[in-house]
file my_file_6.csv (CSV, C-alpha atoms and all ligand atoms)
chain,number,residue,atom,x,y,z
A,1,MET,CA,0.0,0.0,0.0
A,2,ALA,CA,1.4,3.4,-1.0
A,3,SER,CA,2.0,5.8,1.8
A,4,GLU,CA,0.9,8.9,-0.1
A,5,LEU,CA,-0.9,10.1,-3.2
A,6,THR,CA,-0.4,13.2,-5.3
A,7,PHE,CA,-2.0,15.0,-8.2
A,8,ILE,CA,0.2,15.6,-11.2
A,9,MET,CA,-1.0,17.3,-14.4
A,10,VAL,CA,0.5,17.8,-17.8
A,11,LYS,CA,-0.6,21.3,-18.8
A,12,PRO,CA,-1.8,22.2,-22.3
A,13,ASP,CA,1.7,23.2,-23.5
A,14,GLY,CA,3.1,19.9,-22.2
A,15,VAL,CA,0.4,17.9,-24.1
A,16,GLN,CA,0.8,20.0,-27.2
A,17,ARG,CA,4.6,19.5,-27.2
A,18,GLY,CA,4.2,15.7,-26.8
A,19,LEU,CA,5.8,15.5,-23.4
A,20,THR,CA,3.2,13.4,-21.6
A,21,GLY,CA,5.1,10.2,-22.1
A,22,GLU,CA,8.3,11.7,-21.0
A,23,ILE,CA,6.7,13.0,-17.8
A,24,ILE,CA,5.1,9.6,-17.0
A,25,SER,CA,8.3,7.9,-17.7
A,26,ARG,CA,10.3,10.0,-15.3
A,27,PHE,CA,7.8,9.3,-12.5
A,28,GLU,CA,7.8,5.6,-13.3
A,29,ARG,CA,11.6,5.3,-13.5
A,30,ARG,CA,11.8,7.0,-10.1
A,31,GLY,CA,9.6,4.2,-8.6
A,32,PHE,CA,6.3,5.9,-8.3
A,33,LYS,CA,3.1,4.2,-9.4
A,34,LEU,CA,0.5,5.6,-11.7
A,35,VAL,CA,-2.9,4.8,-10.2
A,36,ASN,CA,-5.3,7.0,-12.2
A,37,LEU,CA,-5.1,9.1,-15.4
A,38,LYS,CA,-7.4,10.9,-17.8
A,39,MET,CA,-7.1,13.5,-20.6
A,40,VAL,CA,-9.6,16.3,-20.2
A,41,HIS,CA,-10.3,19.7,-21.8
A,42,ALA,CA,-11.2,21.5,-18.6
A,43,SER,CA,-13.7,24.4,-18.4
A,44,LYS,CA,-12.8,27.9,-17.3
A,45,GLU,CA,-14.9,27.3,-14.1
A,46,HIS,CA,-13.0,24.1,-13.3
A,47,ILE,CA,-9.6,25.8,-13.7
A,48,GLU,CA,-10.8,28.7,-11.6
A,49,LYS,CA,-11.7,26.2,-8.9
A,50,HIS,CA,-8.3,24.4,-9.2
A,51,TYR,CA,-6.4,27.7,-8.9
A,52,GLU,CA,-8.8,29.5,-6.5
A,53,ASP,CA,-6.0,30.3,-4.1
A,54,LEU,CA,-4.4,32.4,-6.8
A,55,ALA,CA,-7.5,34.5,-7.6
A,56,GLY,CA,-6.4,38.1,-7.4
A,57,LYS,CA,-2.9,37.5,-8.6
A,58,PRO,CA,-2.1,39.6,-11.7
A,59,PHE,CA,-1.4,36.5,-13.8
A,60,TYR,CA,-4.6,34.7,-12.8
A,61,PRO,CA,-6.8,35.6,-15.8
A,62,GLY,CA,-4.1,34.6,-18.2
A,63,LEU,CA,-3.4,31.4,-16.3
A,64,VAL,CA,-7.1,30.4,-16.4
A,65,LYS,CA,-7.4,31.2,-20.1
A,66,TYR,CA,-4.2,29.2,-20.9
A,67,MET,CA,-5.1,26.2,-18.7
A,68,SER,CA,-8.6,26.0,-20.3
A,69,SER,CA,-7.2,26.5,-23.8
A,70,GLY,CA,-6.6,22.8,-24.6
A,71,PRO,CA,-6.6,19.3,-23.1
A,72,VAL,CA,-4.5,18.4,-20.0
A,73,VAL,CA,-3.5,15.0,-18.7
A,74,ALA,CA,-4.6,14.6,-15.1
A,75,MET,CA,-2.9,11.9,-13.0
A,76,CYS,CA,-2.9,10.4,-9.6
A,77,TRP,CA,0.5,9.0,-8.5
A,78,ALA,CA,1.3,6.9,-5.5
A,79,GLY,CA,4.5,6.2,-3.5
A,80,LYS,CA,6.7,7.2,-0.6
A,81,ASP,CA,6.8,10.9,-0.1
A,82,VAL,CA,5.4,11.4,-3.6
A,83,VAL,CA,4.0,14.9,-2.9
A,84,LYS,CA,7.4,16.4,-2.1
A,85,GLN,CA,9.4,14.2,-4.5
A,86,GLY,CA,6.9,14.9,-7.3
A,87,ARG,CA,7.6,18.7,-6.9
A,88,ILE,CA,11.3,17.9,-7.0
A,89,LEU,CA,10.9,15.9,-10.3
A,90,LEU,CA,8.9,18.9,-11.7
A,91,GLY,CA,11.5,21.5,-10.7
A,92,ALA,CA,10.9,25.1,-9.6
A,93,THR,CA,7.8,27.0,-10.7
A,94,ASN,CA,9.8,29.4,-12.8
A,95,PRO,CA,11.8,27.2,-15.3
A,96,LEU,CA,14.6,29.6,-15.3
A,97,ALA,CA,15.2,28.7,-11.7
A,98,SER,CA,14.8,25.0,-12.3
A,99,SER,CA,17.8,22.8,-12.1
A,100,PRO,CA,18.8,20.8,-15.2
A,101,GLY,CA,17.6,17.3,-14.8
A,102,THR,CA,14.2,18.4,-13.6
A,103,ILE,CA,11.2,18.4,-16.1
A,104,ARG,CA,10.9,22.2,-16.2
A,105,GLY,CA,14.7,22.6,-16.1
A,106,ASP,CA,15.0,20.4,-19.1
A,107,TYR,CA,12.0,21.5,-21.2
A,108,ALA,CA,10.8,25.0,-20.4
A,109,ILE,CA,11.9,28.6,-20.1
A,110,ASP,CA,8.7,30.5,-19.4
A,111,VAL,CA,6.8,30.5,-16.1
A,112,GLY,CA,3.5,30.9,-17.9
A,113,ARG,CA,4.3,27.7,-20.0
A,114,ASN,CA,5.9,25.5,-17.4
A,115,ILE,CA,4.5,22.1,-18.7
A,116,CYS,CA,3.3,20.5,-15.6
A,117,HIS,CA,1.6,20.9,-12.2
A,118,GLY,CA,2.2,19.1,-8.9
A,119,SER,CA,0.3,19.3,-5.6
A,120,ASP,CA,2.3,21.3,-3.1
A,121,ALA,CA,1.1,19.5,0.1
A,122,VAL,CA,-0.7,16.3,1.1
A,123,GLU,CA,-3.9,18.3,1.9
A,124,SER,CA,-3.9,20.1,-1.4
A,125,ALA,CA,-3.3,16.8,-3.2
A,126,LYS,CA,-6.4,15.4,-1.6
A,127,LYS,CA,-8.4,18.4,-2.6
A,128,GLU,CA,-7.1,18.4,-6.1
A,129,LEU,CA,-7.6,14.7,-6.6
A,130,GLU,CA,-11.2,15.1,-5.5
A,131,LEU,CA,-11.8,18.0,-7.8
A,132,TRP,CA,-10.3,16.2,-10.9
A,133,PHE,CA,-11.3,12.6,-10.1
A,134,GLY,CA,-14.2,12.8,-7.8
A,135,GLN,CA,-15.1,9.5,-6.1
A,136,GLU,CA,-12.2,7.9,-8.0
A,137,ALA,CA,-9.8,10.2,-6.2
A,138,ALA,CA,-8.3,7.7,-3.8
A,139,GLY,CA,-7.0,5.7,-6.7
A,140,ILE,CA,-6.5,3.0,-4.0
A,141,GLN,CA,-8.8,0.5,-5.8
A,142,TYR,CA,-6.6,0.9,-8.9
A,143,GLU,CA,-3.5,0.4,-6.9
A,144,ARG,CA,-4.8,-2.8,-5.3
A,145,ALA,CA,-5.8,-4.1,-8.7
A,146,ILE,CA,-2.3,-3.4,-10.0
A,147,ASP,CA,-0.7,-5.0,-7.0
A,148,GLN,CA,-2.7,-8.2,-7.5
A,149,TRP,CA,-0.8,-8.9,-10.7
A,150,VAL,CA,2.7,-8.8,-9.1
B,201,LIG,P1,1.5,24.8,-10.2
B,201,LIG,O1,0.4,25.0,-9.2
B,201,LIG,O2,1.1,25.0,-11.6
B,201,LIG,O3,2.2,23.4,-10.0
B,201,LIG,O4,2.6,25.8,-9.9
B,201,LIG,P2,3.2,26.2,-8.5
B,201,LIG,O5,2.5,25.6,-7.4
B,201,LIG,O6,4.7,25.8,-8.7
B,201,LIG,O7,3.1,27.8,-8.5
B,201,LIG,P3,1.9,28.7,-8.2
B,201,LIG,O8,2.4,29.9,-7.5
B,201,LIG,O9,0.8,27.9,-7.6
B,201,LIG,O10,1.4,29.2,-9.6
B,201,LIG,C1,0.6,28.4,-10.4
B,201,LIG,C2,1.0,28.6,-11.9
B,201,LIG,O11,0.7,30.0,-12.2
B,201,LIG,C3,1.7,30.4,-13.2
B,201,LIG,N1,2.4,31.5,-12.8
B,201,LIG,N2,2.6,32.6,-13.6
B,201,LIG,N3,4.5,35.5,-12.6
B,201,LIG,C4,3.7,34.7,-13.4
B,201,LIG,O12,3.5,35.1,-14.5
B,201,LIG,C5,3.3,33.4,-12.9
B,201,LIG,N4,3.5,33.0,-11.7
B,201,LIG,C6,2.9,31.8,-11.6
B,201,LIG,C7,2.6,29.2,-13.4
B,201,LIG,O13,2.2,28.5,-14.6
B,201,LIG,C8,2.4,28.4,-12.2
B,201,LIG,O14,2.8,27.1,-12.4

call {"tool": "encode", "arguments": {"input": "my_file_6.csv", "output": "structure tokens"}}
result
Amino acid sequence: MASELTFIMVKPDGVQRGLTGEIISRFERRGFKLVNLKMVHASKEHIEKHYEDLAGKPFYPGLVKYMSSGPVVAMCWAGKDVVKQGRILLGATNPLASSPGTIRGDYAIDVGRNICHGSDAVESAKKELELWFGQEAAGIQYERAIDQWV
């Protein structure tokens, strides 16, 4: 049984650039387990809810417009300390501050097109998984199903 779950999302620019497989591969290689995934073209209202903590920031309207401009890949990942380690795999929010070897540090240069999202805490992961996956959020059933095969 995994000790922790997180919400990881490939943003519209990551999907458009064909980086979904690369991102999944990096999480799998590290040892984390994919327990839920879907591609969705989210509504403006859904993105506003996802980023409600940022409402009022000057970049918020542009962020909502961009995030609802095309499909994203929403994922639930499981594993030890996956919330914190997921953020490390992603790299710093501003790609220019991201270390080479991280996803953003290897593939992005613009904070407004930084390829991916990862929950910043266990509590926000829970909230985001519920928003994007609803009752499927726990992903635990999927994980058990996968484990039965090994
Ligand atoms: P995310 O939620 O997307 O994983 O990003 P984060 O926690 O690392 O950063 P946060 O502060 O929550 O910002 C959310 C997203 O807003 C965009 N942003 N633009 N100055 C700007 O133009 C600016 N600052 C942030 C980024 O796409 C960031 O990922």

call {"tool": "residues_near_point", "arguments": {"input": "my_file_6.csv", "point": "(-11.4, 16.7, -3.4)", "cutoff": "12 Å", "atoms": "all atoms listed in the file", "output": "PyMOL selection string"}}
result
chain A and resi 6-7+49-50+122-138

call {"tool": "write_last_selection", "arguments": {"input": "my_file_6.csv", "atoms": "C-alpha atoms", "output": "PDB file, keeping the file's coordinate frame"}}
result
ATOM      1  CA  THR A   6      -0.400  13.200  -5.300  1.00  0.00           C
ATOM      2  CA  PHE A   7      -2.000  15.000  -8.200  1.00  0.00           C
ATOM      3  CA  LYS A  49     -11.700  26.200  -8.900  1.00  0.00           C
ATOM      4  CA  HIS A  50      -8.300  24.400  -9.200  1.00  0.00           C
ATOM      5  CA  VAL A 122      -0.700  16.300   1.100  1.00  0.00           C
ATOM      6  CA  GLU A 123      -3.900  18.300   1.900  1.00  0.00           C
ATOM      7  CA  SER A 124      -3.900  20.100  -1.400  1.00  0.00           C
ATOM      8  CA  ALA A 125      -3.300  16.800  -3.200  1.00  0.00           C
ATOM      9  CA  LYS A 126      -6.400  15.400  -1.600  1.00  0.00           C
ATOM     10  CA  LYS A 127      -8.400  18.400  -2.600  1.00  0.00           C
ATOM     11  CA  GLU A 128      -7.100  18.400  -6.100  1.00  0.00           C
ATOM     12  CA  LEU A 129      -7.600  14.700  -6.600  1.00  0.00           C
ATOM     13  CA  GLU A 130     -11.200  15.100  -5.500  1.00  0.00           C
ATOM     14  CA  LEU A 131     -11.800  18.000  -7.800  1.00  0.00           C
ATOM     15  CA  TRP A 132     -10.300  16.200 -10.900  1.00  0.00           C
ATOM     16  CA  PHE A 133     -11.300  12.600 -10.100  1.00  0.00           C
ATOM     17  CA  GLY A 134     -14.200  12.800  -7.800  1.00  0.00           C
ATOM     18  CA  GLN A 135     -15.100   9.500  -6.100  1.00  0.00           C
ATOM     19  CA  GLU A 136     -12.200   7.900  -8.000  1.00  0.00           C
ATOM     20  CA  ALA A 137      -9.800  10.200  -6.200  1.00  0.00           C
ATOM     21  CA  ALA A 138      -8.300   7.700  -3.800  1.00  0.00           C
TER      22      ALA A 138
END

call {"tool": "residues_near_ligand", "arguments": {"input": "my_file_6.csv", "ligand": "ligand LIG 201 (chain B)", "cutoff": "6 Å", "atoms": "only C-alpha atoms and all ligand atoms", "output": "VMD selection string"}}
result
chain A and resid 59 63 93 111 to 114 117 to 118

call {"tool": "residues_around", "arguments": {"input": "my_file_6.csv", "residues": "Gly79 of chain A", "least_positions_apart": "3", "cutoff": "9 Å", "atoms": "all atoms listed in the file", "output": "tab-separated table (two decimals) with C-alpha atoms, in the coordinates of the input"}}
result
chain	number	residue	atom	x	y	z
A	1	MET	CA	0.00	0.00	0.00
A	2	ALA	CA	1.40	3.40	-1.00
A	3	SER	CA	2.00	5.80	1.80
A	4	GLU	CA	0.90	8.90	-0.10
A	5	LEU	CA	-0.90	10.10	-3.20
A	6	THR	CA	-0.40	13.20	-5.30
A	31	GLY	CA	9.60	4.20	-8.60
A	32	PHE	CA	6.30	5.90	-8.30
A	33	LYS	CA	3.10	4.20	-9.40
A	82	VAL	CA	5.40	11.40	-3.60
A	83	VAL	CA	4.00	14.90	-2.90

call {"tool": "residues_around", "arguments": {"input": "my_file_6.csv", "residues": "Thr20 of chain A", "least_positions_apart": "3", "cutoff": "8 Å", "atoms": "only C-alpha atoms", "output": "MDAnalysis selection string"}}
result
chainID A and resid 10 14:15 23:24 73

call {"tool": "atom_distance", "arguments": {"input": "my_file_6.csv", "atom1": "atom CA of Ile88 of chain A", "atom2": "atom CA of Gly101 of chain A"}}
result
10.0 Å

call {"tool": "atom_distance", "arguments": {"input": "my_file_6.csv", "atom1": "atom CA of His41 of chain A", "atom2": "atom CA of Tyr60 of chain A"}}
result
18.4 Å

call {"tool": "closest_residue", "arguments": {"input": "my_file_6.csv", "among": "A:His46, A:Ile8, A:Ile115, A:Gly105", "to": "Lys84 of chain A", "atoms": "all atoms listed in the file"}}
result
A:Ile8

call {"tool": "atom_distance", "arguments": {"input": "my_file_6.csv", "atom1": "atom CA of Ala121 of chain A", "atom2": "atom CA of Arg29 of chain A"}}
result
22.3 Å

call {"tool": "residues_around", "arguments": {"input": "my_file_6.csv", "residues": "Tyr66 of chain A", "least_positions_apart": "3", "cutoff": "9 Å", "atoms": "all atoms listed in the file", "output": "list in words"}}
result
Lys11, Pro12, Asp13, Pro61, Gly62, Leu63, Ser69, Gly70, Gly112 and Arg113 of chain A

call {"tool": "residues_around", "arguments": {"input": "my_file_6.csv", "residues": "Arg30 of chain A", "least_positions_apart": "4", "cutoff": "9 Å", "atoms": "all atoms listed in the file", "output": "ChimeraX atom specification"}}
result
/A:25-26,89

call {"tool": "write_last_selection", "arguments": {"input": "my_file_6.csv", "atoms": "C-alpha atoms", "output": "PDB file, in the frame of the given file"}}
result
ATOM      1  CA  SER A  25       8.300   7.900 -17.700  1.00  0.00           C
ATOM      2  CA  ARG A  26      10.300  10.000 -15.300  1.00  0.00           C
ATOM      3  CA  LEU A  89      10.900  15.900 -10.300  1.00  0.00           C
TER       4      LEU A  89
END

call {"tool": "closest_residue", "arguments": {"input": "my_file_6.csv", "among": "A:Lys57, A:Lys80, A:Lys65, A:Arg104", "to": "Ala42 of chain A", "atoms": "all atoms listed in the file"}}
result
A:Lys65

call {"tool": "closest_residue", "arguments": {"input": "my_file_6.csv", "among": "A:Leu37, A:Ala108, A:Leu96, A:Met9", "to": "Val72 of chain A", "atoms": "only C-alpha atoms"}}
result
A:Met9

call {"tool": "closest_residue", "arguments": {"input": "my_file_6.csv", "among": "A:Ala78, A:Met67, A:Gly91, A:Gln16", "to": "Asn36 of chain A", "atoms": "only C-alpha atoms"}}
result
A:Ala78

call {"tool": "decode", "arguments": {"input": "my_file_6.csv", "residues": "segment 41-65 of chain A", "atoms": "N, CA and C atoms", "output": "short mmCIF file (atom, residue, chain, number, x, y, z; two decimals), in the first residue's frame"}}
result
data_model
loop_
_atom_site.label_atom_id
_atom_site.label_comp_id
_atom_site.auth_asym_id
_atom_site.auth_seq_id
_atom_site.Cartn_x
_atom_site.Cartn_y
_atom_site.Cartn_z
N HIS A 41 -10.33 18.31 -21.40
CA HIS A 41 -10.28 19.72 -21.76
C HIS A 41 -11.15 20.44 -20.73
N ALA A 42 -10.51 21.00 -19.72
CA ALA A 42 -11.23 21.55 -18.56
C ALA A 42 -11.90 22.88 -18.90
N SER A 43 -13.03 23.11 -18.26
CA SER A 43 -13.74 24.38 -18.44
C SER A 43 -13.01 25.48 -17.66
N LYS A 44 -13.33 26.71 -18.01
CA LYS A 44 -12.78 27.88 -17.30
C LYS A 44 -13.14 27.78 -15.81
N GLU A 45 -14.37 27.37 -15.53
CA GLU A 45 -14.85 27.29 -14.14
C GLU A 45 -14.06 26.23 -13.35
N HIS A 46 -13.76 25.13 -14.00
CA HIS A 46 -13.00 24.06 -13.35
C HIS A 46 -11.58 24.55 -13.01
N ILE A 47 -10.98 25.24 -13.95
CA ILE A 47 -9.61 25.76 -13.71
C ILE A 47 -9.64 26.84 -12.63
N GLU A 48 -10.68 27.67 -12.64
CA GLU A 48 -10.80 28.70 -11.59
C GLU A 48 -10.86 28.05 -10.21
N LYS A 49 -11.56 26.95 -10.13
CA LYS A 49 -11.66 26.21 -8.86
C LYS A 49 -10.28 25.63 -8.49
N HIS A 50 -9.62 25.03 -9.46
CA HIS A 50 -8.30 24.43 -9.20
C HIS A 50 -7.31 25.48 -8.67
N TYR A 51 -7.35 26.66 -9.28
CA TYR A 51 -6.40 27.71 -8.89
C TYR A 51 -7.05 28.80 -8.04
N GLU A 52 -8.08 28.45 -7.26
CA GLU A 52 -8.82 29.49 -6.51
C GLU A 52 -7.93 30.25 -5.53
N ASP A 53 -6.89 29.60 -5.01
CA ASP A 53 -5.99 30.28 -4.07
C ASP A 53 -5.22 31.42 -4.74
N LEU A 54 -5.15 31.39 -6.06
CA LEU A 54 -4.37 32.41 -6.77
C LEU A 54 -5.25 33.54 -7.32
N ALA A 55 -6.57 33.45 -7.10
CA ALA A 55 -7.48 34.50 -7.59
C ALA A 55 -7.00 35.83 -7.01
N GLY A 56 -6.91 36.82 -7.84
CA GLY A 56 -6.43 38.12 -7.37
C GLY A 56 -4.99 38.39 -7.81
N LYS A 57 -4.25 37.34 -8.13
CA LYS A 57 -2.89 37.54 -8.65
C LYS A 57 -2.99 38.15 -10.05
N PRO A 58 -2.04 38.99 -10.42
CA PRO A 58 -2.13 39.63 -11.75
C PRO A 58 -2.11 38.64 -12.92
N PHE A 59 -1.45 37.49 -12.71
CA PHE A 59 -1.35 36.52 -13.81
C PHE A 59 -2.54 35.55 -13.84
N TYR A 60 -3.47 35.67 -12.88
CA TYR A 60 -4.57 34.69 -12.75
C TYR A 60 -5.45 34.61 -14.02
N PRO A 61 -5.92 35.73 -14.56
CA PRO A 61 -6.79 35.61 -15.76
C PRO A 61 -6.08 34.91 -16.92
N GLY A 62 -4.82 35.24 -17.13
CA GLY A 62 -4.06 34.60 -18.21
C GLY A 62 -3.84 33.13 -17.93
N LEU A 63 -3.63 32.80 -16.67
CA LEU A 63 -3.41 31.40 -16.27
C LEU A 63 -4.67 30.57 -16.54
N VAL A 64 -5.83 31.13 -16.16
CA VAL A 64 -7.10 30.42 -16.37
C VAL A 64 -7.37 30.23 -17.86
N LYS A 65 -7.11 31.28 -18.63
CA LYS A 65 -7.35 31.21 -20.08
C LYS A 65 -6.46 30.13 -20.72
#
